[in-house]
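This is start-v9.cif. It holds mmCIF, C-alpha atoms.
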data_work
loop_
_atom_site.label_atom_id
_atom_site.label_comp_id
_atom_site.auth_asym_id
_atom_site.auth_seq_id
_atom_site.Cartn_x
_atom_site.Cartn_y
_atom_site.Cartn_z
CA MET A 20 12.92 -6.23 39.31
CA ARG A 21 15.52 -8.57 37.90
CA ARG A 22 18.20 -7.29 35.49
CA ARG A 23 16.39 -8.89 32.55
CA ASP A 24 13.16 -7.01 33.48
CA TRP A 25 15.04 -3.71 33.60
CA ILE A 26 16.38 -4.36 30.11
CA ALA A 27 12.91 -5.25 28.81
CA ALA A 28 11.48 -2.05 30.36
CA ALA A 29 14.31 0.00 28.81
CA VAL A 30 13.65 -1.56 25.38
CA LEU A 31 9.92 -0.74 25.59
CA ALA A 32 10.77 2.84 26.62
CA TRP A 33 13.22 3.05 23.68
CA PHE A 34 10.46 1.91 21.28
CA VAL A 35 8.19 4.68 22.60
CA ALA A 36 11.02 7.20 22.01
CA CYS A 37 11.50 5.87 18.43
CA TRP A 38 7.76 6.20 17.80
CA PHE A 39 7.91 9.89 18.78
CA ILE A 40 11.06 10.48 16.73
CA GLY A 41 9.30 8.91 13.72
CA SER A 42 6.14 10.97 14.13
CA SER A 43 8.10 14.21 14.42
CA ARG A 44 10.14 13.63 11.24
CA GLY A 45 9.27 16.18 8.55
CA GLN A 46 7.46 15.15 5.35
CA SER A 47 8.89 15.93 1.91
CA ASP A 48 7.53 18.91 -0.02
CA LEU A 49 5.27 17.32 -2.61
CA GLY A 50 4.66 20.46 -4.71
CA PRO A 51 7.27 19.64 -7.42
CA PHE A 52 6.04 16.05 -7.54
CA PHE A 53 2.41 17.14 -8.05
CA ALA A 54 3.53 19.48 -10.86
CA LEU A 55 4.83 16.45 -12.79
CA ALA A 56 1.22 15.31 -13.26
CA TYR A 57 0.45 18.52 -15.21
CA PRO A 58 3.67 19.69 -16.90
CA ASP A 59 1.76 22.54 -18.67
CA ALA A 60 0.45 23.99 -15.41
CA THR A 61 1.70 27.44 -14.46
CA GLU A 62 0.70 26.96 -10.85
CA VAL A 63 -0.30 24.09 -8.54
CA VAL A 64 -2.41 25.42 -5.67
CA ARG A 65 -3.14 23.34 -2.58
CA ILE A 66 -6.89 23.56 -1.92
CA SER A 67 -7.18 21.05 0.93
CA ASP A 68 -4.97 18.70 2.95
CA THR A 69 -4.99 16.09 0.19
CA VAL A 70 -6.07 17.88 -3.02
CA SER A 71 -4.22 20.44 -5.17
CA ARG A 72 -5.48 22.28 -8.26
CA ALA A 73 -3.36 22.64 -11.42
CA ASP A 74 -4.00 25.96 -13.23
CA GLY A 75 -3.10 26.46 -16.91
CA PRO A 76 -1.53 29.58 -18.53
CA ASP A 77 -4.95 31.05 -19.43
CA GLY A 78 -6.27 30.57 -15.90
CA ARG A 79 -8.21 27.47 -16.96
CA VAL A 80 -8.25 24.54 -14.51
CA LEU A 81 -6.26 21.68 -16.06
CA GLY A 82 -7.13 19.19 -13.33
CA TYR A 83 -6.68 18.22 -9.72
CA VAL A 84 -4.00 16.17 -7.99
CA ALA A 85 -5.14 14.10 -5.01
CA GLU A 86 -3.12 12.03 -2.59
CA ALA A 87 -4.85 8.95 -1.15
CA SER A 88 -3.75 5.92 0.86
CA ALA A 89 -5.02 2.43 1.62
CA SER A 90 -3.61 -0.49 3.56
CA GLY A 91 -1.68 -3.15 1.69
CA TYR A 92 -0.05 -6.24 3.24
CA GLY A 93 2.87 -4.47 4.91
CA GLY A 94 1.30 -1.07 5.63
CA PRO A 95 -0.19 1.93 3.83
CA LEU A 96 0.30 2.46 0.12
CA SER A 97 -0.05 6.08 -1.05
CA LEU A 98 -0.86 7.12 -4.59
CA VAL A 99 -1.00 10.50 -6.27
CA VAL A 100 -3.83 10.62 -8.79
CA ALA A 101 -4.35 13.38 -11.36
CA VAL A 102 -8.10 13.81 -11.94
CA ASP A 103 -9.40 15.87 -14.89
CA PRO A 104 -12.34 18.31 -14.55
CA GLU A 105 -14.73 15.55 -15.71
CA GLY A 106 -13.77 13.31 -12.75
CA ARG A 107 -11.55 10.91 -14.69
CA ALA A 108 -8.24 9.61 -13.28
CA GLU A 109 -5.88 10.82 -16.00
CA SER A 110 -2.62 9.58 -14.52
CA LEU A 111 -1.29 8.15 -11.30
CA SER A 112 1.92 7.44 -9.49
CA VAL A 113 2.99 5.50 -6.42
CA LEU A 114 4.02 8.16 -3.92
CA ARG A 115 5.26 5.86 -1.18
CA HIS A 116 4.51 2.39 0.04
CA ARG A 117 5.31 0.06 2.92
CA GLU A 118 5.02 -3.17 0.96
CA THR A 119 7.65 -5.75 0.17
CA PRO A 120 9.16 -4.14 -2.97
CA ALA A 121 8.58 -7.35 -4.96
CA PHE A 122 4.77 -6.93 -4.59
CA VAL A 123 4.83 -3.42 -6.07
CA GLU A 124 7.19 -4.57 -8.83
CA ARG A 125 4.73 -7.34 -9.65
CA LEU A 126 1.91 -4.76 -10.05
CA LYS A 127 4.07 -2.64 -12.33
CA ARG A 128 5.13 -5.62 -14.45
CA ALA A 129 1.50 -6.73 -14.80
CA GLY A 130 0.57 -3.20 -16.01
CA PHE A 131 -1.83 -2.88 -13.10
CA LEU A 132 -1.44 0.90 -12.80
CA ASP A 133 -2.37 1.20 -16.51
CA ARG A 134 -5.60 -0.66 -15.71
CA LEU A 135 -6.48 1.84 -12.98
CA ALA A 136 -5.74 4.97 -15.02
CA GLY A 137 -8.81 6.19 -16.89
CA ARG A 138 -11.38 5.24 -14.22
CA THR A 139 -14.05 7.85 -13.48
CA ASN A 140 -16.19 8.84 -10.54
CA ARG A 141 -19.04 6.80 -12.10
CA ASP A 142 -17.09 3.50 -12.05
CA PRO A 143 -17.24 1.06 -9.10
CA ILE A 144 -13.36 0.88 -8.99
CA GLN A 145 -13.46 -2.41 -7.08
CA LEU A 146 -10.98 -5.25 -7.35
CA GLU A 147 -12.51 -8.30 -9.04
CA GLU A 148 -15.56 -6.25 -10.03
CA ASP A 149 -14.36 -3.86 -12.72
CA VAL A 150 -10.61 -4.24 -12.03
CA ASP A 151 -8.79 -7.59 -12.48
CA GLY A 152 -6.40 -8.55 -9.66
CA VAL A 153 -2.75 -9.61 -9.82
CA SER A 154 -1.86 -13.10 -8.64
CA GLY A 155 0.56 -13.10 -5.70
CA ALA A 156 0.02 -9.41 -4.87
CA THR A 157 -3.69 -9.33 -4.02
CA TYR A 158 -3.39 -7.08 -0.97
CA THR A 159 -1.17 -4.58 -2.78
CA ALA A 160 -3.51 -4.55 -5.82
CA ARG A 161 -6.52 -4.04 -3.55
CA ALA A 162 -4.77 -1.17 -1.74
CA ALA A 163 -3.89 0.55 -5.06
CA THR A 164 -7.50 0.17 -6.30
CA GLN A 165 -8.87 1.52 -3.03
CA ALA A 166 -6.46 4.48 -3.09
CA VAL A 167 -7.50 5.43 -6.65
CA ARG A 168 -11.19 5.18 -5.67
CA ARG A 169 -10.58 7.43 -2.65
CA ALA A 170 -8.66 9.99 -4.72
CA VAL A 171 -11.33 10.12 -7.46
CA ASP A 172 -14.12 10.37 -4.85
CA GLU A 173 -12.26 13.09 -2.97
CA VAL A 174 -12.00 15.29 -6.08
CA ALA A 175 -15.53 14.46 -7.31
CA GLN A 176 -17.16 15.24 -3.97
CA GLY A 177 -14.91 18.23 -3.27
CA PRO A 178 -14.00 20.78 -5.94
CA LEU A 179 -15.95 19.18 -8.82
CA ASP A 180 -19.16 18.60 -6.85
CA LEU A 181 -19.98 15.53 -8.95
CA PRO A 182 -22.15 12.63 -7.76
CA ILE A 183 -20.50 9.31 -6.86
CA PRO A 184 -22.39 6.01 -6.89
CA GLU A 185 -23.31 4.20 -3.70
CA ARG A 186 -20.34 1.87 -3.27
CA GLU A 187 -20.84 -1.38 -1.47
CA ARG A 188 -18.16 -2.27 1.09
CA ARG A 189 -17.60 -5.95 0.47
CA VAL A 190 -16.22 -8.14 3.23
CA VAL A 191 -13.39 -10.23 1.82
CA PHE A 192 -13.81 -13.68 3.32
CA GLY A 193 -12.32 -16.47 1.25
CA ALA A 194 -10.22 -19.60 1.39
CA PRO A 195 -7.22 -18.07 3.28
CA GLU A 196 -9.48 -16.88 6.11
CA VAL A 197 -11.26 -20.26 6.30
CA VAL A 198 -7.92 -22.12 6.39
CA LEU A 199 -6.61 -19.84 9.15
CA LEU A 200 -9.73 -20.36 11.28
CA CYS A 201 -9.41 -24.13 10.79
CA LEU A 202 -5.76 -24.02 11.92
CA PHE A 203 -6.76 -22.16 15.09
CA GLY A 204 -9.61 -24.66 15.54
CA VAL A 205 -7.19 -27.61 15.39
CA ALA A 206 -4.91 -25.86 17.91
CA VAL A 207 -7.84 -25.36 20.31
CA ALA A 208 -8.88 -29.01 19.87
CA GLN A 209 -5.34 -30.17 20.70
CA ARG A 210 -5.42 -28.36 24.00
CA ARG A 211 -9.02 -28.70 25.09
CA LEU A 212 -10.05 -32.21 23.98
CA LYS A 213 -9.16 -35.23 26.07
CA ILE A 214 -7.12 -37.11 23.50
CA SER A 215 -3.99 -39.20 23.68
CA LYS A 216 -0.53 -37.70 23.28
CA GLN A 217 -0.11 -39.65 20.05
CA VAL A 218 -3.25 -38.15 18.51
CA LYS A 219 -2.18 -34.68 19.68
CA ASN A 220 1.17 -35.15 17.99
CA ARG A 221 -0.48 -36.26 14.76
CA LEU A 222 -2.82 -33.26 14.86
CA ARG A 223 0.16 -30.95 15.35
CA TRP A 224 1.96 -32.45 12.39
CA ALA A 225 -1.18 -32.20 10.26
CA SER A 226 -1.60 -28.50 11.08
CA LEU A 227 2.11 -27.83 10.50
CA ILE A 228 1.95 -29.40 7.04
CA ALA A 229 -1.32 -27.57 6.30
CA GLY A 230 0.34 -24.30 7.40
CA LEU A 231 3.34 -24.95 5.16
CA VAL A 232 1.19 -25.70 2.11
CA THR A 233 -1.41 -22.94 2.58
CA LEU A 234 0.11 -20.01 4.55
CA GLY A 235 3.52 -20.65 2.99
CA LEU A 236 3.38 -22.01 -0.52
CA LEU A 237 -0.18 -21.23 -1.63
CA TYR A 238 -1.01 -17.80 -0.14
CA ASN A 239 2.38 -16.64 1.17
CA HIS A 240 0.73 -15.00 4.21
CA PRO A 241 3.09 -15.82 7.10
CA PHE A 242 3.14 -13.89 10.37
CA VAL A 243 6.00 -11.42 10.07
CA LEU A 244 7.66 -8.70 12.11
CA ALA A 245 5.93 -6.13 9.87
CA HIS A 246 2.57 -7.16 11.38
CA LEU A 247 3.75 -6.22 14.87
CA ASN A 248 5.28 -3.01 13.53
CA MET A 249 1.94 -2.12 11.93
CA VAL A 250 0.20 -2.56 15.29
CA MET A 251 2.82 -0.39 17.03
CA LEU A 252 2.62 2.30 14.33
CA GLY A 253 -1.17 2.36 14.50
CA TYR A 254 -1.64 1.27 10.88
CA TRP A 255 -4.89 -0.62 11.37
CA PRO A 256 -6.24 -1.66 7.97
CA GLU A 257 -9.96 -1.84 7.14
CA TRP A 258 -11.37 -5.02 8.62
CA GLN A 259 -13.57 -5.63 5.57
CA THR A 260 -10.55 -6.13 3.31
CA HIS A 261 -8.03 -7.44 5.87
CA LEU A 262 -9.94 -10.07 7.83
CA PHE A 263 -7.02 -12.49 7.49
CA TRP A 264 -4.71 -9.98 9.16
CA TYR A 265 -7.11 -9.43 12.06
CA ILE A 266 -7.82 -13.14 12.58
CA LEU A 267 -4.07 -13.85 12.67
CA ILE A 268 -3.12 -11.02 15.04
CA VAL A 269 -6.11 -11.37 17.38
CA GLY A 270 -5.90 -15.20 17.33
CA VAL A 271 -2.18 -15.34 18.14
CA LEU A 272 -2.41 -12.69 20.90
CA ALA A 273 -5.56 -14.27 22.40
CA PHE A 274 -3.96 -17.72 22.42
CA LYS A 275 -0.84 -16.33 24.02
CA SER A 276 -2.82 -14.46 26.69
CA ILE A 277 -5.37 -17.17 27.53
CA GLU A 278 -3.52 -20.43 26.87
CA ARG A 279 -0.04 -18.93 27.40
CA TRP A 280 0.97 -20.72 24.23
CA ASN A 281 2.63 -19.36 21.10
CA VAL A 282 0.24 -21.16 18.77
CA TYR A 283 1.70 -19.77 15.56
CA CYS A 284 5.32 -20.86 16.09
CA TYR A 285 4.59 -24.36 17.31
CA ASP A 286 1.41 -25.32 15.49
CA PHE A 287 1.33 -23.82 12.01
CA CYS A 288 4.30 -21.60 11.17
CA PRO A 289 5.12 -22.55 7.57
CA PHE A 290 8.84 -21.95 8.01
CA GLY A 291 8.83 -23.90 11.28
CA ALA A 292 7.23 -26.81 9.40
CA ALA A 293 9.85 -26.55 6.63
CA GLN A 294 12.62 -26.70 9.25
CA ASP A 295 11.01 -29.71 10.94
CA LEU A 296 10.80 -31.54 7.60
CA LEU A 297 14.43 -30.73 6.78
CA GLY A 298 15.33 -31.92 10.28
CA MET A 299 13.64 -35.26 9.62
CA ILE A 300 15.73 -35.70 6.47
CA GLY A 301 19.06 -34.92 8.15
CA GLY A 302 18.27 -36.22 11.65
CA ALA A 303 18.38 -32.79 13.29
CA LYS A 304 18.63 -32.51 17.06
CA SER A 305 19.37 -29.90 19.71
CA ARG A 306 23.12 -29.45 19.76
CA ARG A 307 25.52 -27.68 22.03
CA VAL A 308 26.51 -24.23 20.80
CA ARG A 309 29.41 -22.23 22.14
CA TRP A 310 28.65 -18.61 23.16
CA SER A 311 24.95 -19.38 22.96
CA ASP A 312 24.05 -16.47 25.30
CA ALA A 313 26.03 -14.02 23.18
CA LEU A 314 24.23 -15.23 20.02
CA ILE A 315 20.81 -14.85 21.66
CA TRP A 316 21.70 -11.30 22.80
CA ALA A 317 22.96 -10.48 19.31
CA LYS A 318 19.60 -11.66 17.94
CA ARG A 319 17.77 -9.44 20.44
CA GLY A 320 19.93 -6.49 19.38
CA LEU A 321 19.06 -7.15 15.74
CA ILE A 322 15.33 -7.28 16.54
CA VAL A 323 15.51 -4.02 18.53
CA ALA A 324 17.37 -2.35 15.62
CA ALA A 325 14.82 -3.63 13.05
CA ILE A 326 11.81 -2.44 15.10
CA SER A 327 13.45 0.91 15.97
CA LEU A 328 14.16 1.70 12.31
CA ALA A 329 10.61 0.73 11.35
CA LEU A 330 9.26 3.12 14.01
CA ILE A 331 11.62 5.95 13.09
CA TYR A 332 10.93 5.71 9.33
CA ARG A 333 7.24 4.89 9.97
CA ASN A 334 7.57 1.97 7.57
CA PRO A 335 6.56 -1.38 9.10
CA SER A 336 7.99 -3.71 6.48
CA PHE A 337 11.33 -2.49 5.14
CA THR A 338 13.46 -3.89 7.98
CA SER A 339 11.78 -7.31 7.95
CA TYR A 340 14.80 -9.53 7.45
CA GLU A 341 12.73 -12.72 7.55
CA ILE A 342 13.30 -15.16 4.72
CA PHE A 343 9.74 -16.45 4.32
CA GLY A 344 9.16 -14.68 0.97
CA THR A 345 12.60 -15.88 -0.12
CA ALA A 346 11.72 -19.46 0.75
CA PHE A 347 8.17 -19.60 -0.57
CA ARG A 348 8.22 -17.11 -3.48
CA LEU A 349 11.95 -17.00 -4.28
CA GLU A 350 11.94 -13.23 -3.73
CA GLY A 351 14.39 -11.20 -1.66
CA SER A 352 17.85 -9.66 -1.56
CA ASN A 353 21.06 -11.61 -2.22
CA LEU A 354 21.74 -11.49 1.50
CA GLN A 355 18.38 -13.12 2.19
CA PHE A 356 19.12 -15.88 -0.33
CA ALA A 357 22.48 -16.48 1.37
CA LEU A 358 20.69 -16.58 4.73
CA LEU A 359 18.11 -19.02 3.36
CA ALA A 360 20.82 -21.34 2.02
CA SER A 361 22.58 -21.32 5.41
CA MET A 362 19.31 -22.03 7.21
CA VAL A 363 18.35 -24.91 4.89
CA PHE A 364 21.73 -26.51 5.57
CA ALA A 365 21.61 -25.86 9.33
CA ALA A 366 18.00 -27.08 9.73
CA MET A 367 18.99 -30.53 8.47
CA PHE A 368 21.28 -31.10 11.46
CA TYR A 369 20.16 -28.59 14.08
CA SER A 370 16.60 -28.48 15.41
CA ARG A 371 14.79 -25.30 14.25
CA PRO A 372 17.86 -23.03 14.03
CA TRP A 373 15.93 -20.07 12.56
CA CYS A 374 13.51 -20.03 15.51
CA GLN A 375 16.30 -20.10 18.07
CA PHE A 376 18.86 -17.71 16.63
CA LEU A 377 17.06 -15.40 14.19
CA CYS A 378 13.27 -15.39 14.34
CA PRO A 379 12.06 -12.02 15.70
CA LEU A 380 8.75 -13.47 16.89
CA HIS A 381 10.13 -16.31 18.98
CA ARG A 382 10.59 -16.67 22.75
CA GLN A 383 13.81 -14.67 22.88
CA GLY A 384 12.28 -11.93 20.75
CA ALA A 385 8.87 -10.29 20.52
CA GLU A 386 7.20 -13.13 22.44
CA GLY A 387 9.51 -12.50 25.39
CA LEU A 388 8.68 -8.78 25.36
CA PHE A 389 4.97 -9.59 25.21
CA ASP A 390 5.34 -11.92 28.22
CA PHE A 391 7.13 -9.18 30.12
CA ALA A 392 4.46 -6.57 29.31
CA ARG A 393 1.66 -9.00 30.24
CA MET A 394 3.37 -9.85 33.54
CA GLN A 395 3.71 -6.16 34.42
CA VAL A 396 0.04 -5.49 33.64
CA THR A 397 -1.07 -8.55 35.66
CA ASN A 398 1.11 -7.59 38.65
CA THR A 399 -0.10 -3.99 38.58
CA TRP A 400 -3.71 -5.18 38.39
CA LYS A 401 -3.16 -7.50 41.38
CA ARG A 402 -1.66 -4.63 43.40
CA LEU A 403 -4.44 -2.19 42.54
CA ARG A 404 -7.36 -4.62 42.89
CA PRO A 405 -9.22 -4.10 46.15
CA LEU A 406 -8.88 -7.04 48.55
CA LYS A 407 -11.96 -9.24 48.96
CA PRO A 408 -13.51 -8.95 52.43
CA THR A 409 -12.87 -12.08 54.46
CA MET B 8 47.08 -37.59 16.60
CA GLU B 9 43.74 -38.96 17.79
CA THR B 10 40.91 -36.52 18.59
CA THR B 11 39.06 -37.19 21.84
CA PRO B 12 35.22 -37.18 21.84
CA SER B 13 35.14 -34.05 24.02
CA ALA B 14 37.47 -32.19 21.65
CA LYS B 15 35.21 -33.23 18.74
CA ALA B 16 32.15 -31.94 20.61
CA ASP B 17 33.93 -28.65 21.33
CA LEU B 18 34.87 -28.25 17.68
CA SER B 19 31.30 -28.99 16.59
CA ALA B 20 29.90 -26.45 19.10
CA THR B 21 32.34 -23.81 17.85
CA LEU B 22 31.46 -24.49 14.21
CA TRP B 23 27.74 -24.20 14.89
CA SER B 24 28.33 -20.90 16.71
CA LEU B 25 30.28 -19.57 13.76
CA ILE B 26 27.52 -20.60 11.32
CA PHE B 27 24.87 -18.81 13.39
CA ALA B 28 27.08 -15.76 13.88
CA VAL B 29 27.47 -15.49 10.09
CA CYS B 30 23.67 -15.82 9.69
CA LEU B 31 23.16 -13.00 12.19
CA LEU B 32 25.66 -10.88 10.29
CA LEU B 33 23.80 -11.52 7.01
CA ALA B 34 20.48 -10.50 8.60
CA SER B 35 22.05 -7.38 10.14
CA ALA B 36 23.59 -6.39 6.80
CA HIS B 37 20.16 -6.77 5.15
CA VAL B 38 18.57 -4.47 7.76
CA ALA B 39 21.36 -1.89 7.41
CA LEU B 40 21.18 -1.87 3.60
CA SER B 41 17.38 -1.58 3.70
CA ALA B 42 17.72 1.50 5.93
CA VAL B 43 20.17 3.10 3.48
CA GLU B 44 17.85 2.33 0.53
CA GLN B 45 14.88 3.74 2.44
CA ASP B 46 16.78 6.99 3.00
CA GLN B 47 17.67 7.24 -0.70
CA GLU B 48 14.08 6.43 -1.70
CA GLU B 49 12.71 9.23 0.47
CA SER B 50 15.10 11.78 -0.97
CA GLY B 51 14.46 10.58 -4.54
CA LEU B 52 10.67 10.92 -4.25
CA ILE B 53 10.11 13.63 -6.86
CA GLU B 54 11.92 11.70 -9.60
CA ALA B 55 8.95 9.36 -9.91
CA THR B 56 6.85 9.27 -13.09
CA PHE B 57 3.13 9.13 -13.74
CA THR B 58 1.31 6.31 -15.50
CA ARG B 59 -1.12 7.96 -17.94
CA ALA B 60 -4.48 6.71 -19.16
CA ARG B 61 -4.44 5.62 -22.78
#

Write-out of the structure in structure tokens:
Amino acid sequence: MRRRDWIAAAVLAWFVACWFIGSSRGQSDLGPFFALAYPDATEVVRISDTVSRADGPDGRVLGYVAEASASGYGGPLSLVVAVDPEGRAESLSVLRHRETPAFVERLKRAGFLDRLAGRTNRDPIQLEEDVDGVSGATYTARAATQAVRRAVDEVAQGPLDLPIPERERRVVFGAPEVVLLCLFGVAVAQRRLKISKQVKNRLRWASLIAGLVTLGLLYNHPFVLAHLNMVMLGYWPEWQTHLFWYILIVGVLAFKSIERWNVYCYDFCPFGAAQDLLGMIGGAKSRRVRWSDALIWAKRGLIVAAISLALIYRNPSFTSYEIFGTAFRLEGSNLQFALLASMVFAAMFYSRPWCQFLCPLHRQGAEGLFDFARMQVTNTWKRLRPLKPT
Amino acid sequence: METTPSAKADLSATLWSLIFAVCLLLASAHVALSAVEQDQEESGLIEATFTRAR
């Protein structure tokens, strides 16, 4: 193996070690937190893995506290829901979440948690059925709704022994999913149809602009490091509510494996398109950079650190340093805004600087690791495969 | 003193390197601060409040 392969193997082994470190980290004691739901309770008794019972001074049951999770955009969102003996969600609190903090803030500002409190085991508790959504935080709102439904059902079916209505599992298939499938369709057409180079180029530009407008500005659903972290952490959301996520992940990996082409980066990455447009304005080109190798290795180090922390803390999204949300929703830390300003300036004179020196998904990042892993699997398969008789 | 084209190119290459090095530092600082905040968030879990039904 070459030196570079040894390093890639060591990085993969390090990620496995981080995964085990993360899974062995102790969880906080939630007893005092549960007691906050029923301040008058004299005792909070755990009656199952996820449900505790709050007993009053006279031995009367004040209610139950259930912990339930559902997948948001960046990972699981966990709520603690206090359910009264009639099966009504009396109060609720966000226990922990793996979302971009701005999404959760948006829910709180919109009073979304107030809308969920008071639901009973007889209600559908479905987003856009009996619960209104929150624009710009649909996945987070859906996860919170789903978590409340699960908590209420858990208490109703468990200690209360109350009936719950037959709840239909709706498949969420809307405009974002259709747009994404169309973008993949255009990418396939570019590679499989016998068309001139000029037409191919026009198709690529059309899909880049479409990606910028839809995945970037309209839906703000870019492919981010958190998606890969979710896969590595085993946070697989329900396909019925996260079809977009599955189409994106499966489509990109399938394209990379079959066509050996990073379709997302070159054909419809919204931030790639924004850089290309800025480059057209300023006449960007590939320029010579001093210490280019050192910068690429520094980027790799940053990616390894970001993924390792995500695995250790079992939180896929908090180390995502990407500036897509900053660019398309004007949300992020001061450091991310400073980074965005630098990138906007650089992209006008330097061709796709983000992709080359910072993007975690690009060739020198996760894509390179994927190529290495695929090569190892292919080589092993070739060695193990029985030879055909001649 | 006149600057030769190769000296200009060297200066430009150095400036670009410095710009990208600063960008990498900004991204690293964001990751490091996020990790610190995550740690504080985990330890401050039981200070959270409940939203009650009206």

(request) Give as a ChimeraX atom specification the residues that the PyMOL selection byres ((chain B) within 6 of (chain A)) matches when applied to the coordinates above. (result) /B:20-21,24,30,33-34,38,53,57-60

(request) Please provide the set of residues having any atom within 9 Å of Ser336 of chain A, restricted to only C-alpha atoms, with same-chain residues fewer than 6 positions apart removed, written as a list in words. (result)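 The neighbour list is Gly93, Gly94, Arg117, Glu118, Thr119, Val243, Leu244, Ala245, His246, Asn248, Met249 and Ala329 of chain A.
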
(message) Taking the file as I've supplied it (selection: the PyMOL selection byres ((chain A and resi 299) around 12)), which residues are included? Please answer as JSON, numbers by chain.
(response) {"A": [292, 293, 294, 295, 296, 297, 298, 300, 301, 302, 303, 304, 366, 367, 368, 369, 370, 371]}

(request) Apply the PyMOL selection byres ((chain A and resi 264-279) around 10) to the file shown and report the selected residues as a PyMOL selection string. (result) chain A and resi 92+196+199-200+203+206-207+210+240-242+246-247+250+255-263+280-284+386+389-390+393

(message) Distance cut-off 8 Å, centre (10.4, 6.5, 13.1) in file coordinates, counting all atoms listed in the file: which residues qualify? Return them as a list of chain:residue names.
(response)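 The requested residues, written out, are A:Cys37, A:Trp38, A:Phe39, A:Ile40, A:Gly41, A:Ser42, A:Arg44, A:Ser327, A:Leu328, A:Ala329, A:Leu330, A:Ile331, A:Tyr332, A:Arg333, A:Asn334.
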